[in-house]
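Student: So that you have it, the file is start.cif, and it contains mmCIF, C-alpha atoms, pLDDT in the B column; chains and numbers go by the auth columns:
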data_my_file
loop_
_atom_site.group_PDB
_atom_site.id
_atom_site.type_symbol
_atom_site.label_atom_id
_atom_site.label_comp_id
_atom_site.label_asym_id
_atom_site.label_seq_id
_atom_site.Cartn_x
_atom_site.Cartn_y
_atom_site.Cartn_z
_atom_site.B_iso_or_equiv
_atom_site.auth_seq_id
_atom_site.auth_asym_id
ATOM 1 C CA MET A 1 8.761 -5.163 11.951 63.00 1 A
ATOM 2 C CA HIS A 2 10.498 -2.051 10.865 79.00 2 A
ATOM 3 C CA LEU A 3 11.044 -1.472 7.173 88.00 3 A
ATOM 4 C CA THR A 4 14.165 0.466 6.357 91.00 4 A
ATOM 5 C CA SER A 5 14.009 3.520 4.133 90.00 5 A
ATOM 6 C CA GLU A 6 15.686 1.557 1.335 92.00 6 A
ATOM 7 C CA GLN A 7 13.084 -1.205 1.528 91.00 7 A
ATOM 8 C CA LYS A 8 10.250 1.330 1.405 90.00 8 A
ATOM 9 C CA GLN A 9 11.838 3.140 -1.525 92.00 9 A
ATOM 10 C CA GLU A 10 12.147 -0.179 -3.369 92.00 10 A
ATOM 11 C CA ILE A 11 8.437 -0.880 -2.775 91.00 11 A
ATOM 12 C CA PHE A 12 7.484 2.624 -3.932 92.00 12 A
ATOM 13 C CA LYS A 13 9.730 2.359 -6.997 91.00 13 A
ATOM 14 C CA THR A 14 8.261 -1.020 -7.947 90.00 14 A
ATOM 15 C CA TYR A 15 4.576 -0.173 -7.495 90.00 15 A
ATOM 16 C CA GLY A 16 4.477 3.636 -7.705 88.00 16 A
ATOM 17 C CA GLU A 17 5.698 6.125 -10.232 87.00 17 A
ATOM 18 C CA SER A 18 9.105 6.649 -8.561 85.00 18 A
ATOM 19 C CA ALA A 19 11.001 5.929 -5.354 83.00 19 A
ATOM 20 C CA THR A 20 9.519 9.051 -3.767 85.00 20 A
ATOM 21 C CA ASP A 21 5.917 8.355 -4.843 86.00 21 A
ATOM 22 C CA THR A 22 4.502 7.647 -1.404 89.00 22 A
ATOM 23 C CA GLY A 23 1.008 8.990 -1.987 90.00 23 A
ATOM 24 C CA SER A 24 -0.340 6.960 -4.866 93.00 24 A
ATOM 25 C CA PRO A 25 -2.893 4.302 -3.933 94.00 25 A
ATOM 26 C CA GLU A 26 -0.841 1.585 -5.640 94.00 26 A
ATOM 27 C CA SER A 27 2.262 2.281 -3.564 94.00 27 A
ATOM 28 C CA GLN A 28 0.270 2.508 -0.339 95.00 28 A
ATOM 29 C CA ILE A 29 -1.542 -0.743 -1.100 96.00 29 A
ATOM 30 C CA ALA A 30 1.803 -2.446 -1.750 94.00 30 A
ATOM 31 C CA LEU A 31 3.253 -1.150 1.523 94.00 31 A
ATOM 32 C CA PHE A 32 0.170 -2.264 3.452 95.00 32 A
ATOM 33 C CA SER A 33 0.387 -5.696 1.808 95.00 33 A
ATOM 34 C CA VAL A 34 3.979 -6.172 2.965 95.00 34 A
ATOM 35 C CA ARG A 35 3.035 -5.170 6.495 95.00 35 A
ATOM 36 C CA ILE A 36 -0.050 -7.424 6.453 96.00 36 A
ATOM 37 C CA LYS A 37 2.057 -10.374 5.329 95.00 37 A
ATOM 38 C CA HIS A 38 4.508 -9.804 8.185 94.00 38 A
ATOM 39 C CA LEU A 39 1.767 -9.456 10.822 96.00 39 A
ATOM 40 C CA THR A 40 0.040 -12.597 9.556 96.00 40 A
ATOM 41 C CA GLU A 41 3.252 -14.591 9.999 95.00 41 A
ATOM 42 C CA HIS A 42 3.701 -13.110 13.479 96.00 42 A
ATOM 43 C CA LEU A 43 0.183 -14.127 14.498 96.00 43 A
ATOM 44 C CA LYS A 44 0.733 -17.708 13.351 97.00 44 A
ATOM 45 C CA ASN A 45 3.329 -18.058 16.109 96.00 45 A
ATOM 46 C CA ASN A 46 1.728 -15.704 18.655 96.00 46 A
ATOM 47 C CA HIS A 47 -1.982 -16.343 18.392 94.00 47 A
ATOM 48 C CA LYS A 48 -2.776 -14.615 21.717 96.00 48 A
ATOM 49 C CA ASP A 49 -1.268 -11.292 20.667 96.00 49 A
ATOM 50 C CA TYR A 50 -4.554 -9.441 20.522 97.00 50 A
ATOM 51 C CA ALA A 51 -3.049 -5.995 19.974 97.00 51 A
ATOM 52 C CA THR A 52 -1.330 -7.200 16.810 96.00 52 A
ATOM 53 C CA ALA A 53 -4.538 -8.891 15.674 97.00 53 A
ATOM 54 C CA ARG A 54 -6.363 -5.581 16.076 98.00 54 A
ATOM 55 C CA ALA A 55 -3.650 -3.742 14.135 96.00 55 A
ATOM 56 C CA LEU A 56 -3.841 -6.359 11.377 97.00 56 A
ATOM 57 C CA LYS A 57 -7.595 -5.873 11.058 98.00 57 A
ATOM 58 C CA ALA A 58 -7.108 -2.111 10.841 98.00 58 A
ATOM 59 C CA LEU A 59 -4.473 -2.482 8.107 97.00 59 A
ATOM 60 C CA VAL A 60 -6.678 -4.833 6.104 96.00 60 A
ATOM 61 C CA GLY A 61 -9.513 -2.302 6.380 97.00 61 A
ATOM 62 C CA ARG A 62 -7.294 0.568 5.213 97.00 62 A
ATOM 63 C CA ARG A 63 -6.086 -1.479 2.245 96.00 63 A
ATOM 64 C CA ARG A 64 -9.681 -2.444 1.406 96.00 64 A
ATOM 65 C CA ARG A 65 -10.754 1.226 1.433 97.00 65 A
ATOM 66 C CA LEU A 66 -7.889 2.145 -0.898 96.00 66 A
ATOM 67 C CA LEU A 67 -8.846 -0.679 -3.249 96.00 67 A
ATOM 68 C CA ASP A 68 -12.476 0.497 -3.205 96.00 68 A
ATOM 69 C CA TYR A 69 -11.269 4.014 -4.026 97.00 69 A
ATOM 70 C CA LEU A 70 -9.336 2.665 -7.007 95.00 70 A
ATOM 71 C CA ILE A 71 -12.413 0.800 -8.244 95.00 71 A
ATOM 72 C CA ARG A 72 -14.423 4.030 -8.193 96.00 72 A
ATOM 73 C CA LYS A 73 -11.750 6.243 -9.757 96.00 73 A
ATOM 74 C CA ASP A 74 -9.927 4.024 -12.261 94.00 74 A
ATOM 75 C CA ILE A 75 -10.896 0.390 -12.768 95.00 75 A
ATOM 76 C CA ASN A 76 -7.851 -0.300 -14.963 95.00 76 A
ATOM 77 C CA ARG A 77 -5.426 0.702 -12.195 93.00 77 A
ATOM 78 C CA TYR A 78 -7.373 -1.557 -9.810 94.00 78 A
ATOM 79 C CA ARG A 79 -7.124 -4.486 -12.186 94.00 79 A
ATOM 80 C CA ALA A 80 -3.396 -3.865 -12.628 93.00 80 A
ATOM 81 C CA ILE A 81 -2.719 -3.954 -8.873 93.00 81 A
ATOM 82 C CA ILE A 82 -4.866 -7.086 -8.420 93.00 82 A
ATOM 83 C CA ALA A 83 -2.991 -8.832 -11.250 93.00 83 A
ATOM 84 C CA LYS A 84 0.298 -8.590 -9.329 89.00 84 A
ATOM 85 C CA LYS A 85 0.293 -11.940 -7.575 88.00 85 A
ATOM 86 C CA GLU A 86 3.223 -11.157 -5.255 88.00 86 A
ATOM 87 C CA LEU A 87 0.977 -8.812 -3.248 90.00 87 A
ATOM 88 C CA GLY A 88 -1.430 -11.629 -2.457 88.00 88 A
ATOM 89 C CA ILE A 89 -4.584 -9.599 -3.056 89.00 89 A
ATOM 90 C CA ARG A 90 -7.715 -11.341 -4.250 83.00 90 A
ATOM 91 C CA LYS A 91 -10.813 -9.767 -5.778 76.00 91 A
#
Show me the file's structure as structure tokens.
Tutor:
Amino acid sequence: MHLTSEQKQEIFKTYGESATDTGSPESQIALFSVRIKHLTEHLKNNHKDYATARALKALVGRRRRLLDYLIRKDINRYRAIIAKKELGIRK
């Protein structure tokens, strides 16, 4: 899956401060969530694709580390990103 620049900018605008805010944890978590959702759907049809399964596990780990960082730095920002149900993140 390749996200176009417009799709990424829309994600960053929705979850970050602006369309060019690529560094904030919220925007990175949102981007990772979109990619995780796509890879999960791919693996439902291609369950023997072990390279994609490994990449999915790595992405989930990166998102988890960012969420842990948000918990340590600003619990209110963490709660705000968890409250957005369209990302599909649970506590």
Student: Neighbours of stretch 65-79 of chain A within 10 Å (all atoms listed in the file; same-chain residues fewer than 4 positions away dropped), as a list in words?
Tutor: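 Once the adjacent positions are removed, what remains is Ser24, Pro25, Glu26, Gln28, Ile29, Leu59, Val60, Gly61, Ala83, Lys84, Ile89 and Lys91 of chain A.
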Student: Apply the PyMOL selection byres ((chain A and resi 36) around 12) to the structure shown and report the selected residues as a PDB file with C-alpha atoms, keeping the file's coordinate frame.
Tutor:
ATOM      1  CA  MET A   1       8.761  -5.163  11.951  1.00 63.00           C
ATOM      2  CA  ILE A  29      -1.542  -0.743  -1.100  1.00 96.00           C
ATOM      3  CA  ALA A  30       1.803  -2.446  -1.750  1.00 94.00           C
ATOM      4  CA  LEU A  31       3.253  -1.150   1.523  1.00 94.00           C
ATOM      5  CA  PHE A  32       0.170  -2.264   3.452  1.00 95.00           C
ATOM      6  CA  SER A  33       0.387  -5.696   1.808  1.00 95.00           C
ATOM      7  CA  VAL A  34       3.979  -6.172   2.965  1.00 95.00           C
ATOM      8  CA  ARG A  35       3.035  -5.170   6.495  1.00 95.00           C
ATOM      9  CA  LYS A  37       2.057 -10.374   5.329  1.00 95.00           C
ATOM     10  CA  HIS A  38       4.508  -9.804   8.185  1.00 94.00           C
ATOM     11  CA  LEU A  39       1.767  -9.456  10.822  1.00 96.00           C
ATOM     12  CA  THR A  40       0.040 -12.597   9.556  1.00 96.00           C
ATOM     13  CA  GLU A  41       3.252 -14.591   9.999  1.00 95.00           C
ATOM     14  CA  HIS A  42       3.701 -13.110  13.479  1.00 96.00           C
ATOM     15  CA  LEU A  43       0.183 -14.127  14.498  1.00 96.00           C
ATOM     16  CA  THR A  52      -1.330  -7.200  16.810  1.00 96.00           C
ATOM     17  CA  ALA A  53      -4.538  -8.891  15.674  1.00 97.00           C
ATOM     18  CA  ARG A  54      -6.363  -5.581  16.076  1.00 98.00           C
ATOM     19  CA  ALA A  55      -3.650  -3.742  14.135  1.00 96.00           C
ATOM     20  CA  LEU A  56      -3.841  -6.359  11.377  1.00 97.00           C
ATOM     21  CA  LYS A  57      -7.595  -5.873  11.058  1.00 98.00           C
ATOM     22  CA  ALA A  58      -7.108  -2.111  10.841  1.00 98.00           C
ATOM     23  CA  LEU A  59      -4.473  -2.482   8.107  1.00 97.00           C
ATOM     24  CA  VAL A  60      -6.678  -4.833   6.104  1.00 96.00           C
ATOM     25  CA  GLY A  61      -9.513  -2.302   6.380  1.00 97.00           C
ATOM     26  CA  ARG A  62      -7.294   0.568   5.213  1.00 97.00           C
ATOM     27  CA  ARG A  63      -6.086  -1.479   2.245  1.00 96.00           C
ATOM     28  CA  ARG A  64      -9.681  -2.444   1.406  1.00 96.00           C
ATOM     29  CA  LEU A  87       0.977  -8.812  -3.248  1.00 90.00           C
ATOM     30  CA  GLY A  88      -1.430 -11.629  -2.457  1.00 88.00           C
ATOM     31  CA  ILE A  89      -4.584  -9.599  -3.056  1.00 89.00           C
TER      32      ILE A  89
END
Student: By how many Å are atom CA of A:Lys8 and atom CA of A:Lys48 apart?
Tutor: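 Distance reported for this atom pair: 28.9 Å.
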Student: One decimal, in Å: what's the spacing between atom CA of A:Phe12 and atom CA of A:Ser27?
Tutor: 5.2 Å
Student: If you measure from atom CA of A:Asp49 to atom CA of A:Thr4, what distance in Å do you get, rounded to one decimal?
Tutor: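 These atoms are spaced 24.1 Å apart.
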Student: Evaluated on this file, the PyMOL selection byres ((chain A and resi 9) around 9) picks out some residues - which ones are they, written as JSON, numbers by chain?
Tutor: {"A": [4, 5, 6, 7, 8, 10, 11, 12, 13, 14, 18, 19, 20, 21, 22]}
Student: Please report, as JSON, the centre and edge lengths in Å to one decimal of an axis-aligned box covering all listed atoms of stretch 14-33 of chain A with 4 Å per side.
Tutor:
{"center_x": 4.1, "center_y": 1.7, "center_z": -3.4, "size_x": 21.9, "size_y": 22.7, "size_z": 21.7}
